[in-house]
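What follows is target_5.cif (mmCIF, N, CA and C atoms).
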```
data_structure
loop_
_atom_site.label_atom_id
_atom_site.label_comp_id
_atom_site.auth_asym_id
_atom_site.auth_seq_id
_atom_site.Cartn_x
_atom_site.Cartn_y
_atom_site.Cartn_z
N MET A 176 -73.88 -31.93 40.63
CA MET A 176 -73.61 -31.02 39.57
C MET A 176 -72.89 -29.78 40.09
N ALA A 177 -73.22 -29.43 41.26
CA ALA A 177 -72.55 -28.28 41.86
C ALA A 177 -71.06 -28.56 41.98
N GLN A 178 -70.79 -29.82 42.23
CA GLN A 178 -69.39 -30.19 42.33
C GLN A 178 -68.72 -30.07 40.96
N GLN A 179 -69.39 -30.44 39.94
CA GLN A 179 -68.85 -30.32 38.59
C GLN A 179 -68.71 -28.84 38.21
N GLY A 180 -69.67 -28.04 38.61
CA GLY A 180 -69.60 -26.60 38.33
C GLY A 180 -68.42 -25.98 39.06
N ALA A 181 -68.19 -26.42 40.29
CA ALA A 181 -67.07 -25.89 41.07
C ALA A 181 -65.75 -26.31 40.42
N ALA A 182 -65.69 -27.56 39.93
CA ALA A 182 -64.47 -28.03 39.26
C ALA A 182 -64.26 -27.25 37.97
N LEU A 183 -65.34 -27.00 37.24
CA LEU A 183 -65.25 -26.23 36.01
C LEU A 183 -64.77 -24.81 36.30
N GLN A 184 -65.31 -24.22 37.36
CA GLN A 184 -64.90 -22.86 37.74
C GLN A 184 -63.42 -22.87 38.12
N SER A 185 -62.98 -23.89 38.83
CA SER A 185 -61.57 -23.99 39.23
C SER A 185 -60.67 -24.12 38.00
N TYR A 186 -61.09 -24.96 37.06
CA TYR A 186 -60.32 -25.11 35.82
C TYR A 186 -60.27 -23.80 35.05
N ASN A 187 -61.40 -23.11 35.04
CA ASN A 187 -61.47 -21.82 34.33
C ASN A 187 -60.52 -20.82 34.96
N ASN A 188 -60.51 -20.76 36.30
CA ASN A 188 -59.62 -19.81 36.99
C ASN A 188 -58.15 -20.13 36.70
N GLU A 189 -57.80 -21.41 36.71
CA GLU A 189 -56.42 -21.82 36.42
C GLU A 189 -56.05 -21.49 34.98
N LEU A 190 -57.01 -21.70 34.08
CA LEU A 190 -56.77 -21.39 32.67
C LEU A 190 -56.53 -19.90 32.48
N VAL A 191 -57.34 -19.06 33.12
CA VAL A 191 -57.18 -17.61 33.01
C VAL A 191 -55.83 -17.20 33.58
N LYS A 192 -55.45 -17.76 34.73
CA LYS A 192 -54.15 -17.43 35.33
C LYS A 192 -53.01 -17.87 34.41
N SER A 193 -53.13 -19.04 33.83
CA SER A 193 -52.08 -19.53 32.92
C SER A 193 -51.97 -18.62 31.70
N ILE A 194 -53.09 -18.20 31.16
CA ILE A 194 -53.08 -17.29 30.01
C ILE A 194 -52.45 -15.96 30.40
N GLU A 195 -52.77 -15.44 31.60
CA GLU A 195 -52.17 -14.17 32.06
C GLU A 195 -50.65 -14.31 32.20
N VAL A 196 -50.18 -15.45 32.73
CA VAL A 196 -48.73 -15.69 32.85
C VAL A 196 -48.10 -15.73 31.46
N LEU A 197 -48.75 -16.42 30.53
CA LEU A 197 -48.22 -16.47 29.15
C LEU A 197 -48.20 -15.09 28.52
N LEU A 198 -49.23 -14.29 28.75
CA LEU A 198 -49.27 -12.92 28.21
C LEU A 198 -48.14 -12.07 28.79
N GLN A 199 -47.86 -12.22 30.08
CA GLN A 199 -46.77 -11.47 30.72
C GLN A 199 -45.41 -11.90 30.14
N ARG A 200 -45.26 -13.21 29.98
CA ARG A 200 -44.00 -13.72 29.40
C ARG A 200 -43.83 -13.19 27.97
N ARG A 201 -44.93 -13.20 27.20
CA ARG A 201 -44.86 -12.69 25.84
C ARG A 201 -44.50 -11.21 25.83
N GLU A 202 -45.06 -10.43 26.74
CA GLU A 202 -44.76 -9.00 26.82
C GLU A 202 -43.27 -8.79 27.16
N GLY A 203 -42.76 -9.59 28.09
CA GLY A 203 -41.34 -9.50 28.42
C GLY A 203 -40.46 -9.86 27.24
N LEU A 204 -40.86 -10.89 26.51
CA LEU A 204 -40.13 -11.29 25.32
C LEU A 204 -40.18 -10.21 24.25
N ASN A 205 -41.33 -9.56 24.09
CA ASN A 205 -41.45 -8.46 23.12
C ASN A 205 -40.50 -7.32 23.47
N LYS A 206 -40.36 -7.01 24.77
CA LYS A 206 -39.43 -5.95 25.19
C LYS A 206 -38.00 -6.34 24.85
N GLN A 207 -37.63 -7.59 25.08
CA GLN A 207 -36.29 -8.07 24.75
C GLN A 207 -36.05 -8.01 23.24
N ILE A 208 -37.07 -8.41 22.48
CA ILE A 208 -36.97 -8.37 21.02
C ILE A 208 -36.77 -6.93 20.55
N GLU A 209 -37.50 -6.00 21.11
CA GLU A 209 -37.38 -4.58 20.74
C GLU A 209 -35.98 -4.05 21.06
N LEU A 210 -35.47 -4.38 22.26
CA LEU A 210 -34.13 -3.93 22.65
C LEU A 210 -33.05 -4.51 21.72
N GLU A 211 -33.15 -5.80 21.45
CA GLU A 211 -32.14 -6.43 20.59
C GLU A 211 -32.26 -5.95 19.15
N SER A 212 -33.47 -5.64 18.70
CA SER A 212 -33.64 -5.10 17.34
C SER A 212 -32.97 -3.73 17.23
N ARG A 213 -33.14 -2.90 18.25
CA ARG A 213 -32.48 -1.58 18.25
C ARG A 213 -30.96 -1.75 18.26
N GLU A 214 -30.48 -2.67 19.09
CA GLU A 214 -29.03 -2.91 19.15
C GLU A 214 -28.52 -3.42 17.82
N LYS A 215 -29.28 -4.28 17.17
CA LYS A 215 -28.89 -4.81 15.86
C LYS A 215 -28.76 -3.69 14.84
N VAL A 216 -29.74 -2.80 14.80
CA VAL A 216 -29.69 -1.66 13.87
C VAL A 216 -28.47 -0.80 14.16
N LYS A 217 -28.21 -0.55 15.44
CA LYS A 217 -27.06 0.26 15.84
C LYS A 217 -25.75 -0.41 15.39
N LEU A 218 -25.64 -1.71 15.63
CA LEU A 218 -24.43 -2.44 15.25
C LEU A 218 -24.25 -2.49 13.73
N GLU A 219 -25.35 -2.66 13.01
CA GLU A 219 -25.26 -2.68 11.54
C GLU A 219 -24.80 -1.32 11.01
N THR A 220 -25.28 -0.24 11.65
CA THR A 220 -24.85 1.10 11.24
C THR A 220 -23.35 1.28 11.50
N GLU A 221 -22.91 0.85 12.67
CA GLU A 221 -21.48 0.93 13.00
C GLU A 221 -20.65 0.08 12.03
N LYS A 222 -21.16 -1.11 11.73
CA LYS A 222 -20.47 -2.01 10.79
C LYS A 222 -20.31 -1.35 9.43
N LYS A 223 -21.37 -0.71 8.96
CA LYS A 223 -21.32 -0.05 7.66
C LYS A 223 -20.28 1.07 7.67
N LYS A 224 -20.26 1.85 8.75
CA LYS A 224 -19.27 2.93 8.86
C LYS A 224 -17.85 2.38 8.88
N ILE A 225 -17.66 1.29 9.61
CA ILE A 225 -16.33 0.68 9.70
C ILE A 225 -15.90 0.12 8.34
N GLU A 226 -16.84 -0.52 7.63
CA GLU A 226 -16.51 -1.06 6.31
C GLU A 226 -16.16 0.06 5.33
N GLU A 227 -16.88 1.19 5.41
CA GLU A 227 -16.57 2.33 4.54
C GLU A 227 -15.19 2.89 4.88
N ARG A 228 -14.89 2.98 6.16
CA ARG A 228 -13.59 3.49 6.59
C ARG A 228 -12.48 2.54 6.15
N LEU A 229 -12.74 1.23 6.27
CA LEU A 229 -11.77 0.23 5.83
C LEU A 229 -11.49 0.37 4.33
N ALA A 230 -12.53 0.56 3.55
CA ALA A 230 -12.34 0.72 2.10
C ALA A 230 -11.51 1.97 1.81
N THR A 231 -11.78 3.05 2.54
CA THR A 231 -11.02 4.29 2.35
C THR A 231 -9.54 4.07 2.69
N VAL A 232 -9.29 3.40 3.81
CA VAL A 232 -7.91 3.14 4.23
C VAL A 232 -7.21 2.21 3.23
N GLU A 233 -7.92 1.20 2.75
CA GLU A 233 -7.32 0.29 1.77
C GLU A 233 -6.94 1.03 0.49
N ASN A 234 -7.82 1.91 0.01
CA ASN A 234 -7.51 2.69 -1.20
C ASN A 234 -6.32 3.60 -0.97
N SER A 235 -6.31 4.27 0.18
CA SER A 235 -5.20 5.17 0.49
C SER A 235 -3.89 4.39 0.59
N LEU A 236 -3.95 3.24 1.24
CA LEU A 236 -2.75 2.41 1.39
C LEU A 236 -2.25 1.95 0.03
N GLN A 237 -3.14 1.53 -0.85
CA GLN A 237 -2.73 1.07 -2.17
C GLN A 237 -2.10 2.21 -2.97
N THR A 238 -2.68 3.39 -2.88
CA THR A 238 -2.11 4.55 -3.57
C THR A 238 -0.71 4.84 -3.05
N LYS A 239 -0.54 4.78 -1.74
CA LYS A 239 0.77 5.05 -1.15
C LYS A 239 1.78 3.96 -1.52
N LEU A 240 1.33 2.72 -1.57
CA LEU A 240 2.24 1.64 -1.98
C LEU A 240 2.67 1.82 -3.44
N ASN A 241 1.76 2.24 -4.29
CA ASN A 241 2.10 2.50 -5.70
C ASN A 241 3.09 3.65 -5.80
N THR A 242 2.86 4.70 -5.03
CA THR A 242 3.77 5.85 -5.02
C THR A 242 5.14 5.43 -4.53
N LYS A 243 5.18 4.63 -3.47
CA LYS A 243 6.45 4.14 -2.94
C LYS A 243 7.20 3.33 -3.99
N ALA A 244 6.48 2.51 -4.73
CA ALA A 244 7.11 1.71 -5.79
C ALA A 244 7.72 2.62 -6.85
N GLU A 245 7.03 3.72 -7.17
CA GLU A 245 7.58 4.67 -8.15
C GLU A 245 8.83 5.34 -7.59
N TYR A 246 8.78 5.72 -6.31
CA TYR A 246 9.98 6.30 -5.68
C TYR A 246 11.14 5.31 -5.73
N ASP A 247 10.86 4.05 -5.39
CA ASP A 247 11.90 3.03 -5.42
C ASP A 247 12.53 2.92 -6.80
N LYS A 248 11.69 2.97 -7.84
CA LYS A 248 12.19 2.86 -9.21
C LYS A 248 13.06 4.07 -9.56
N VAL A 249 12.58 5.26 -9.22
CA VAL A 249 13.35 6.47 -9.53
C VAL A 249 14.67 6.47 -8.78
N ILE A 250 14.63 6.08 -7.51
CA ILE A 250 15.86 6.04 -6.72
C ILE A 250 16.83 5.02 -7.30
N ASN A 251 16.33 3.86 -7.67
CA ASN A 251 17.17 2.82 -8.27
C ASN A 251 17.78 3.30 -9.57
N ASP A 252 16.97 3.95 -10.43
CA ASP A 252 17.49 4.48 -11.70
C ASP A 252 18.57 5.52 -11.43
N ALA A 253 18.32 6.40 -10.46
CA ALA A 253 19.30 7.45 -10.15
C ALA A 253 20.59 6.85 -9.60
N GLU A 254 20.47 5.85 -8.75
CA GLU A 254 21.66 5.21 -8.19
C GLU A 254 22.47 4.51 -9.28
N GLN A 255 21.79 3.84 -10.19
CA GLN A 255 22.49 3.17 -11.29
C GLN A 255 23.19 4.20 -12.18
N ALA A 256 22.51 5.29 -12.46
CA ALA A 256 23.11 6.33 -13.29
C ALA A 256 24.31 6.94 -12.57
N TYR A 257 24.18 7.13 -11.26
CA TYR A 257 25.26 7.72 -10.49
C TYR A 257 26.49 6.81 -10.50
N VAL A 258 26.28 5.51 -10.36
CA VAL A 258 27.40 4.57 -10.40
C VAL A 258 28.09 4.65 -11.76
N LYS A 259 27.33 4.75 -12.82
CA LYS A 259 27.93 4.85 -14.16
C LYS A 259 28.69 6.16 -14.32
N ILE A 260 28.15 7.21 -13.73
CA ILE A 260 28.86 8.50 -13.77
C ILE A 260 30.18 8.39 -13.01
N LEU A 261 30.15 7.73 -11.85
CA LEU A 261 31.39 7.55 -11.09
C LEU A 261 32.41 6.74 -11.88
N GLU A 262 31.95 5.69 -12.52
CA GLU A 262 32.86 4.87 -13.33
C GLU A 262 33.45 5.69 -14.47
N SER A 263 32.61 6.47 -15.13
CA SER A 263 33.08 7.31 -16.23
C SER A 263 34.04 8.38 -15.72
N SER A 264 33.75 8.95 -14.55
CA SER A 264 34.63 9.97 -13.97
C SER A 264 35.99 9.38 -13.64
N GLN A 265 35.99 8.16 -13.09
CA GLN A 265 37.26 7.51 -12.77
C GLN A 265 38.08 7.27 -14.03
N LEU A 266 37.41 6.81 -15.08
CA LEU A 266 38.11 6.58 -16.34
C LEU A 266 38.64 7.89 -16.91
N LEU A 267 37.83 8.94 -16.85
CA LEU A 267 38.26 10.25 -17.34
C LEU A 267 39.46 10.75 -16.54
N LEU A 268 39.41 10.59 -15.23
CA LEU A 268 40.53 11.01 -14.38
C LEU A 268 41.80 10.27 -14.76
N ASN A 269 41.66 8.97 -14.97
CA ASN A 269 42.85 8.20 -15.37
C ASN A 269 43.40 8.67 -16.71
N VAL A 270 42.54 8.96 -17.66
CA VAL A 270 42.97 9.45 -18.97
C VAL A 270 43.68 10.79 -18.83
N VAL A 271 43.10 11.68 -18.03
CA VAL A 271 43.71 13.01 -17.84
C VAL A 271 45.07 12.87 -17.17
N LYS A 272 45.18 11.99 -16.18
CA LYS A 272 46.47 11.80 -15.50
C LYS A 272 47.52 11.28 -16.48
N VAL A 273 47.17 10.31 -17.29
CA VAL A 273 48.12 9.74 -18.25
C VAL A 273 48.55 10.81 -19.25
N LYS A 274 47.58 11.54 -19.78
CA LYS A 274 47.95 12.58 -20.77
C LYS A 274 48.76 13.69 -20.11
N SER A 275 48.43 14.03 -18.87
CA SER A 275 49.19 15.06 -18.15
C SER A 275 50.63 14.61 -17.95
N GLN A 276 50.80 13.35 -17.55
CA GLN A 276 52.16 12.82 -17.37
C GLN A 276 52.91 12.81 -18.70
N ASP A 277 52.22 12.45 -19.74
CA ASP A 277 52.85 12.44 -21.06
C ASP A 277 53.30 13.85 -21.44
N LEU A 278 52.45 14.83 -21.17
CA LEU A 278 52.81 16.21 -21.51
C LEU A 278 53.97 16.70 -20.65
N GLU A 279 54.00 16.32 -19.37
CA GLU A 279 55.08 16.74 -18.48
C GLU A 279 56.42 16.17 -18.93
N THR A 280 56.40 14.93 -19.30
CA THR A 280 57.65 14.27 -19.67
C THR A 280 57.99 14.49 -21.13
N GLY A 281 57.08 15.12 -21.86
CA GLY A 281 57.34 15.37 -23.26
C GLY A 281 57.20 14.12 -24.10
N LYS A 282 56.66 13.11 -23.53
CA LYS A 282 56.48 11.86 -24.27
C LYS A 282 55.18 11.90 -25.03
N THR A 283 55.21 11.24 -26.10
CA THR A 283 53.96 10.99 -26.81
C THR A 283 53.87 9.50 -26.96
N ARG A 284 52.77 9.01 -26.68
CA ARG A 284 52.60 7.55 -26.77
C ARG A 284 52.45 7.18 -28.24
N HIS A 285 53.15 6.14 -28.57
CA HIS A 285 53.01 5.61 -29.92
C HIS A 285 51.75 4.77 -29.96
N LYS A 286 50.97 5.06 -30.95
CA LYS A 286 49.71 4.34 -31.06
C LYS A 286 49.97 2.95 -31.62
N ASN A 287 49.48 2.00 -30.88
CA ASN A 287 49.53 0.62 -31.35
C ASN A 287 48.24 0.40 -32.12
N PRO A 288 48.32 -0.02 -33.36
CA PRO A 288 47.10 -0.17 -34.15
C PRO A 288 46.13 -1.17 -33.55
N ASP A 289 46.63 -2.09 -32.74
CA ASP A 289 45.76 -3.10 -32.14
C ASP A 289 45.11 -2.60 -30.84
N THR A 290 45.62 -1.52 -30.25
CA THR A 290 45.12 -1.03 -28.97
C THR A 290 44.47 0.33 -29.19
N PRO A 291 43.24 0.49 -28.78
CA PRO A 291 42.60 1.81 -28.96
C PRO A 291 43.25 2.84 -28.05
N ASP A 292 43.36 4.06 -28.54
CA ASP A 292 43.96 5.10 -27.71
C ASP A 292 42.94 5.58 -26.67
N THR A 293 43.39 6.49 -25.83
CA THR A 293 42.53 6.92 -24.73
C THR A 293 41.31 7.68 -25.23
N ASP A 294 41.44 8.40 -26.33
CA ASP A 294 40.26 9.09 -26.88
C ASP A 294 39.22 8.07 -27.31
N GLN A 295 39.71 7.01 -27.92
CA GLN A 295 38.78 5.96 -28.35
C GLN A 295 38.15 5.28 -27.15
N LYS A 296 38.91 5.10 -26.05
CA LYS A 296 38.37 4.49 -24.85
C LYS A 296 37.21 5.34 -24.30
N MET A 297 37.35 6.66 -24.34
CA MET A 297 36.31 7.55 -23.85
C MET A 297 35.04 7.42 -24.69
N LYS A 298 35.22 7.22 -25.98
CA LYS A 298 34.07 7.08 -26.85
C LYS A 298 33.36 5.76 -26.61
N ASN A 299 34.11 4.78 -26.14
CA ASN A 299 33.55 3.44 -25.94
C ASN A 299 33.10 3.19 -24.51
N LEU A 300 32.82 4.24 -23.75
CA LEU A 300 32.33 4.05 -22.38
C LEU A 300 31.04 3.27 -22.41
N PRO A 301 30.82 2.48 -21.37
CA PRO A 301 29.57 1.71 -21.35
C PRO A 301 28.37 2.65 -21.34
N SER A 302 27.42 2.33 -22.18
CA SER A 302 26.22 3.17 -22.22
C SER A 302 25.25 2.66 -21.18
N THR A 303 24.26 3.48 -20.87
CA THR A 303 23.27 3.11 -19.85
C THR A 303 22.18 2.27 -20.44
N GLY A 304 22.20 2.07 -21.72
CA GLY A 304 21.16 1.24 -22.33
C GLY A 304 19.98 2.07 -22.80
N SER A 305 19.84 3.25 -22.26
CA SER A 305 18.75 4.12 -22.65
C SER A 305 19.25 5.55 -22.59
N LYS A 306 18.96 6.31 -23.60
CA LYS A 306 19.44 7.69 -23.66
C LYS A 306 18.84 8.53 -22.55
N THR A 307 17.66 8.18 -22.08
CA THR A 307 16.99 9.02 -21.09
C THR A 307 17.32 8.64 -19.66
N GLU A 308 18.03 7.54 -19.42
CA GLU A 308 18.29 7.13 -18.05
C GLU A 308 19.11 8.15 -17.29
N LEU A 309 20.06 8.79 -17.94
CA LEU A 309 20.90 9.75 -17.25
C LEU A 309 20.31 11.16 -17.28
N SER A 310 19.26 11.35 -18.00
CA SER A 310 18.67 12.67 -18.12
C SER A 310 17.94 13.05 -16.84
N PRO A 311 18.29 14.21 -16.24
CA PRO A 311 17.58 14.65 -15.03
C PRO A 311 16.10 14.83 -15.30
N ASP A 312 15.75 15.27 -16.52
CA ASP A 312 14.33 15.45 -16.84
C ASP A 312 13.60 14.13 -16.72
N HIS A 313 14.26 13.06 -17.18
CA HIS A 313 13.64 11.73 -17.10
C HIS A 313 13.42 11.35 -15.62
N LEU A 314 14.40 11.62 -14.81
CA LEU A 314 14.27 11.26 -13.39
C LEU A 314 13.16 12.07 -12.72
N TYR A 315 13.06 13.36 -13.06
CA TYR A 315 12.01 14.19 -12.45
C TYR A 315 10.62 13.78 -12.91
N THR A 316 10.51 13.35 -14.15
CA THR A 316 9.18 12.95 -14.62
C THR A 316 8.72 11.66 -13.99
N GLN A 317 9.66 10.90 -13.41
CA GLN A 317 9.30 9.64 -12.76
C GLN A 317 8.77 9.86 -11.35
N LEU A 318 8.98 11.04 -10.77
CA LEU A 318 8.51 11.29 -9.42
C LEU A 318 7.00 11.42 -9.42
N PRO A 319 6.33 10.79 -8.44
CA PRO A 319 4.87 10.91 -8.36
C PRO A 319 4.47 12.31 -7.96
N GLN A 320 3.35 12.71 -8.44
CA GLN A 320 2.86 14.07 -8.15
C GLN A 320 2.20 14.15 -6.80
#
```
Representation of the structure as structure tokens:
Amino acid sequence: MAQQGAALQSYNNELVKSIEVLLQRREGLNKQIELESREKVKLETEKKKIEERLATVENSLQTKLNTKAEYDKVINDAEQAYVKILESSQLLLNVVKVKSQDLETGKTRHKNPDTPDTDQKMKNLPSTGSKTELSPDHLYTQLPQ
């Protein structure tokens, strides 16, 4: 029986040692869990800040893209109006030159009933399609604030 008691004591000692090893491993694992939990919280906080910053940048970018589109439209309208002004100026210059030559030479052009005279040509200049397209006020109101 003493031999059985000694074997039991040996088993008990091994069991206690095994439990102590498991407790140490668990303690080490708890420390790792605590460290990783802190890191997770830190990373989640950083992620939230980055997502907020991203949303701010996206909103700002969209606003700027919208403003740029308005500038593009105003510039395009102004360029189209300018081209029409140049065309009208060229036509006016040609009319003035013809009338000036007529006055110099003392000639008066006979009006052909089938051909409109130069005054009529000036009245029939191509329109811009909208009364406000050539208006500077219209162009200024299109600029973003």
Build an axis-aligned box that encloses every atom of stretch 254-260 of chain A listed in the file, pad it by 6 Å on each side, and report its centre and edge lengths in Å to one decimal, as JSON.
```
{"center_x": 25.3, "center_y": 5.8, "center_z": -11.3, "size_x": 21.7, "size_y": 17.3, "size_z": 18.1}
```
key: Pairwise distance for atom N of A:Leu278 and atom C of A:Leu266, rounded to one decimal in Å   =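 About the pair atom N of A:Leu278 and atom C of A:Leu266: they are 16.0 Å apart.
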inquiry  = Let's see if you can do this: from backbone DSSP, list all helix (DSSP H, G or I) residues in stretch 218-295 of chain A, as a VMD selection string.
reply    = chain A and resid 218 to 280 293 to 295
